[in-house]
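Colleague: One structure, pasted below without further comment.
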Amino acid sequence: MASSPVPDDPFTFVAVVSEHAPVADTAESVSLAIEVEESVSVAEEPVAEEPVADESQSPSVSSVVNTIESPAEQPTPPDQDQRFDSLGLRPQILESLSTYGYTTPTPIQAQTIPWLLEGRDVFGQAQTGTGKTAAFALPLLSRIDVNDRNVQVLVLAPTRELAIQVEESFRKYSQCMPGVETVAIYGGSDFGPQIRALRHGVQIVVGTPGRVIDHMKKGTLKVDQLQTIVLDEADEMLKMGFVDDVTWVLSQTPEHRQVALFSATLPGPIRKIAREHQKNPVEIKIKSEARTADTVQQRFIVVRPRDKMDALTRILEVEETDGVIVFVSLKASTTKLANHLNEHGHSATPLNGDIPQNLREQTVDQLKAGRIDVIVATDVAARGLDVPRISHVVNYDMPHDSESYVHRIGRTGRAGRSGQAILFARPQDKRIVRRIEKSTRQQIEQMEMPSVAEVNESRQRRFKQRINETIAAGGLDFFCQLLEEHQQETGVSPLHMAAALAQQLQGKAPFLMEERPRRARREEEDQRDRNGRRERGERQSGDRDRRDRDRDRGDRRERRRDDRSQGSPEEGMERFRVEIGDTHGVRPGNLVGAIANEAGLDGKDIGRIQIFDEFSLVDLPEGMPKQIFQQLKNTWVSGRKLQITRDTGRPPKKRGGRPFASGGKPPHGKSKRHGGKNRNGKPGFRKKHSSRD
């Protein structure tokens with residue numbers, strides 16, 4: 001690609017690609033699996049300098065390229081037949097791509113790879129699913145010096161799942177390049193293996209901002225020889241409170257390193273990072289219109305969080321399904337839900353980022369072969385999953401945005417087949433459903449919870465169908481003879497013998513579903529319980545207020561702690577307490593980033609955060625598993641462990657006995673710092689409490 005003199009302005013090159021994607025492909029895919037119509041224009045003249053103050057003032061591209069919004073009006077792109085072997089990639093990289101059958105780059109790859117190969121800074125705006133991982137991984141691998149064991153490439157990612165995925169992509173694309181070493185470093189895992197890998201020598205490090213900073217401060221991650229730093233999904237790092245961390249990491253890297261920044265949106269802080277840390281960046285925009293395939297019927301069901309398992313079980317019984325993918329937000333939910341489905345007669349298995357790659361591949365192979373019918377997966381784990389027999393996609397947890405929804409339901413309705421997409425929505429989520437409809441320009445019809453009668457009818461129909469299929473398969477001569485002998489010996493009719501065999505196979509579990517108590521009665525009882533708790537809370541609050549009026553200034557801090565619960569969590573959320581607060585310098589962004597990264601959550605899944613002097617309250621989704629608690633308890637934020645617990649409205653007891661009340665007097669004969677008298681009446685001393693007590 002020819003280059004022209006570059007002025008000293010923030011963005012000197014703009015390539016705009018309009019992409020009409022019936023089915024969005026994966027973030028790491030290199031093949032153009034989606035059908036694309038694109039319009040590409042390259043600015044050969046410098047862009048007039050235009051200051052960008054905030055996110056509302058984006059660089060104007062009208063003077064550089066005429067973007068045609070309507071896909072039908074777009075001209076045929078000049079580089080439609082461009083292949084990877086024409087982009088200047090290293091031969092070993094092309095060999096790796098050929099083993100996977102990748103020949104044609106996606107628009108973001110075609111526009112980004114040549115500039116990164118030249119060593120230019122790049123500012124890429126592209127949604128997840130456009131192939132941006134390969135867009136930076138392929139050219140950076142082509143520039144790696146395999147004989148140099150210093151860190152040459154550092155990639156910052158918002159979550160450990162994405163860090164693992166990106167590191168796996170680097171390893172996959174470098175499989176024909178002996179000597180390339182990569183490592184993923186992220187919170188929630190031991191430092192030991194990460195430190196050993198870094199000391200052994202790696203050229204490529206992919207990590208979350210917090211853990212990268214930890215290693216840099218420990219001296220185990222040295223970036224003095226760094227050539228390129230990549231900020232992947234920069235807007236997500238902003239949402240999770242990592243902007244200060246990212247800025248700090250950038251400030252520690254060499255002045256002449258290359259900076260590649262990728263973001264789906266362009267908020268002000270992201271543009272500020274680009275202005276301060278990039279030099280004459282090439283700006284590449286991929287404008288995509290989220291569209292869903294016409295072969296997919298889209299429906300949603302309004303269901304309360306506690307009824308979701310029952311609703312999913314009923315839907316799988318009533319619907320005529322083949323392969324099914326159920327999408328959830330939490331990794332721990334994949335195992336919990338898969339176990340529930342197996343207990344109810346479905347062959348299901350979890351698929352999440354913690355499952356080793358070889359087991360993931362085995363799971364996909366079993367799904368393709370029909371040995372597994374249901375996969376319960378997270379978004380990251382399901383990327384790249386292409387199984388033709390998938391008939392249904394169930395959004396068990398609400399997707400984060402319209403793009404995620406499009407990526408999820410794109411797993412069904414492929415190759416001209418029909419597919420079904422079902423979205424679980426809480427009563428208050430209807431506006432989100434309408435927003436998705438507006439974005440995708442597709443109607444999502446509302447469906448009702450399958451009734452008990454429908455479930456029982458489906459069970460009986462499938463029972464009769466299995467009988468007919470077994471008879472049609474043949475090979476029953478031996479059993480016919482055996483049953484005929486039994487009839488002659490006992491006089492029992494063939495009908496009763498068949499019924500006895502069916503009962504034996506059914507076991508103790510009832511064949512028919514029983515009607516549960518009326519939902520209205522249960523809701524009335526729940527409302528009565530909530531009203532009772534609210535009245536008790538108001539009385540307790542009033543008593544506390546009267547007592548607090550008589551306390552001194554030090555006691556007002558305790559009063560603020562007692563009056564902290566301002567409103568109950570939203571439905572489907574639960575309130576938790578973490579032992580870190582304002583006096584420790586914590587901010588909401590710090591908590592969002594740490595919790596989202598450790599629990600495998602998106603920042604949007606975290607509810608209200610209330611920060612007090614010595615602790616904070618955080619609303620998180622119901623059903624948080626025990627292993628997540630253990631990870632969060634040992635997670636460090638602002639120099640302290642979170643020590644997360646479910647909020648009870650009372651401060652947790654400290655080790656070593658009941659703590660003294662703030663501002664009150666210690667028991668007779670004792671001191672807060674000294675032990676008073678021992679059993680013999682002589683002065684004694686007690687060890688001063690440490691900060692961990």
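Residue numbering restarts at 1 in every chain; chains get A, B, ... in the order shown in the structure tokens, and ligands count up from 1 in that same order.
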Taking 5 positions as the minimum chain separation for residues in the same chain, which residues sit within 12 Å of Arg371 (chain A) when counting only C-alpha atoms? Answer as a PDB file with C-alpha atoms, in the first residue's frame.
Modeller:
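Here's the written file part.pdb:
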ATOM      1  CA  ASP A 322     -32.332 -31.020  17.366  1.00  0.00           C
ATOM      2  CA  GLY A 323     -29.156 -29.382  18.662  1.00  0.00           C
ATOM      3  CA  HIS A 346     -31.711 -34.040  28.488  1.00  0.00           C
ATOM      4  CA  SER A 347     -28.170 -34.810  27.340  1.00  0.00           C
ATOM      5  CA  ALA A 348     -26.499 -31.505  28.189  1.00  0.00           C
ATOM      6  CA  THR A 349     -22.945 -30.323  28.863  1.00  0.00           C
ATOM      7  CA  GLN A 362     -14.516 -32.854  22.031  1.00  0.00           C
ATOM      8  CA  THR A 363     -17.762 -31.251  23.196  1.00  0.00           C
ATOM      9  CA  VAL A 364     -18.338 -29.648  19.801  1.00  0.00           C
ATOM     10  CA  ASP A 365     -17.606 -32.954  18.054  1.00  0.00           C
ATOM     11  CA  GLN A 366     -20.137 -34.719  20.307  1.00  0.00           C
ATOM     12  CA  ARG A 389     -27.715 -29.294  13.408  1.00  0.00           C
TER      13      ARG A 389
END
Colleague: What's the 9 Å shell around Ala126 (chain A), counting only C-alpha atoms, without same-chain residues fewer than 6 positions away, as a PyMOL selection string?
Modeller: chain A and resi 108+132+262-265+284-288
Colleague: Given the choices A:Asn597, A:Gln111, A:Ser493, A:Asn280, which gets closest to Glu236 (chain A) if the distance is worked out from only C-alpha atoms?
Modeller: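 Looking only at the distances to Glu236 (chain A), the closest residue turns out to be A:Asn597.
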Colleague: Determine the nearest neighbour of Val455 (chain A) from the options A:Thr313, A:Asn342, A:Gln481, A:Ser98, counting only C-alpha atoms.
Modeller: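 Result for the nearest residue to Val455 (chain A): A:Thr313.
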Colleague: Give the answer as one residue: which of A:Pro450, A:Gly201, A:Pro399, A:Gly419 has the shortest atom-to-atom distance to Val328 (chain A), using only C-alpha atoms?
Modeller: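 Among the listed residues, the smallest separation from Val328 (chain A) belongs to A:Pro399.
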Colleague: For the structure I just gave you, how does DSSP split region 97-266 of chain A - specifically, which residues are helix (DSSP H, G or I)? Reply as a count of residues only.
Modeller: 75
Colleague: Among the residues of region 109-305 of chain A, find those DSSP assigns to strand (DSSP E or B) from the backbone and print them as a ChimeraX atom specification.
Modeller: /A:122-125,153-156,182-185,204-207,228-231,258-263,282-290,296-302
Colleague: Just the selected residues (C-alpha atoms), exported as a PDB file, in the first residue's frame, please.
Modeller:
ATOM      1  CA  VAL A 122      -3.960   2.139  14.301  1.00  0.00           C
ATOM      2  CA  PHE A 123      -7.279   3.285  15.730  1.00  0.00           C
ATOM      3  CA  GLY A 124      -9.893   0.675  14.761  1.00  0.00           C
ATOM      4  CA  GLN A 125     -13.622   0.962  15.352  1.00  0.00           C
ATOM      5  CA  VAL A 153       3.851  -7.499  22.090  1.00  0.00           C
ATOM      6  CA  LEU A 154       1.501  -6.674  24.972  1.00  0.00           C
ATOM      7  CA  VAL A 155      -2.276  -6.984  24.548  1.00  0.00           C
ATOM      8  CA  LEU A 156      -4.620  -5.560  27.193  1.00  0.00           C
ATOM      9  CA  THR A 182       2.885 -16.597  24.455  1.00  0.00           C
ATOM     10  CA  VAL A 183       1.257 -16.333  27.879  1.00  0.00           C
ATOM     11  CA  ALA A 184      -2.074 -15.076  29.249  1.00  0.00           C
ATOM     12  CA  ILE A 185      -1.931 -13.330  32.636  1.00  0.00           C
ATOM     13  CA  ILE A 204       3.682 -12.052  23.445  1.00  0.00           C
ATOM     14  CA  VAL A 205       1.781 -11.281  26.646  1.00  0.00           C
ATOM     15  CA  VAL A 206      -2.022 -11.007  26.770  1.00  0.00           C
ATOM     16  CA  GLY A 207      -3.515  -9.888  30.060  1.00  0.00           C
ATOM     17  CA  THR A 228       3.666  -2.945  20.173  1.00  0.00           C
ATOM     18  CA  ILE A 229       0.844  -2.550  22.685  1.00  0.00           C
ATOM     19  CA  VAL A 230      -2.739  -3.414  21.729  1.00  0.00           C
ATOM     20  CA  LEU A 231      -5.836  -2.188  23.572  1.00  0.00           C
ATOM     21  CA  GLN A 258       3.460   1.053  18.245  1.00  0.00           C
ATOM     22  CA  VAL A 259      -0.069   1.459  19.686  1.00  0.00           C
ATOM     23  CA  ALA A 260      -3.110  -0.325  18.216  1.00  0.00           C
ATOM     24  CA  LEU A 261      -6.469   0.552  19.762  1.00  0.00           C
ATOM     25  CA  PHE A 262      -9.733  -1.252  18.968  1.00  0.00           C
ATOM     26  CA  SER A 263     -13.119  -0.183  20.262  1.00  0.00           C
ATOM     27  CA  VAL A 282      -4.558   5.419  10.965  1.00  0.00           C
ATOM     28  CA  GLU A 283      -8.281   5.390  11.724  1.00  0.00           C
ATOM     29  CA  ILE A 284     -10.293   2.496  10.358  1.00  0.00           C
ATOM     30  CA  LYS A 285     -14.051   2.300  10.807  1.00  0.00           C
ATOM     31  CA  ILE A 286     -16.177  -0.745  10.149  1.00  0.00           C
ATOM     32  CA  LYS A 287     -19.803   0.375  10.145  1.00  0.00           C
ATOM     33  CA  SER A 288     -21.991  -2.659  10.611  1.00  0.00           C
ATOM     34  CA  GLU A 289     -25.727  -2.908  10.568  1.00  0.00           C
ATOM     35  CA  ALA A 290     -26.860  -5.649  12.943  1.00  0.00           C
ATOM     36  CA  VAL A 296     -34.605 -17.624  12.130  1.00  0.00           C
ATOM     37  CA  GLN A 297     -37.934 -17.273  13.930  1.00  0.00           C
ATOM     38  CA  GLN A 298     -37.419 -15.008  16.927  1.00  0.00           C
ATOM     39  CA  ARG A 299     -39.545 -15.174  20.074  1.00  0.00           C
ATOM     40  CA  PHE A 300     -39.322 -13.977  23.656  1.00  0.00           C
ATOM     41  CA  ILE A 301     -40.941 -15.190  26.851  1.00  0.00           C
ATOM     42  CA  VAL A 302     -41.526 -13.078  29.946  1.00  0.00           C
TER      43      VAL A 302
END
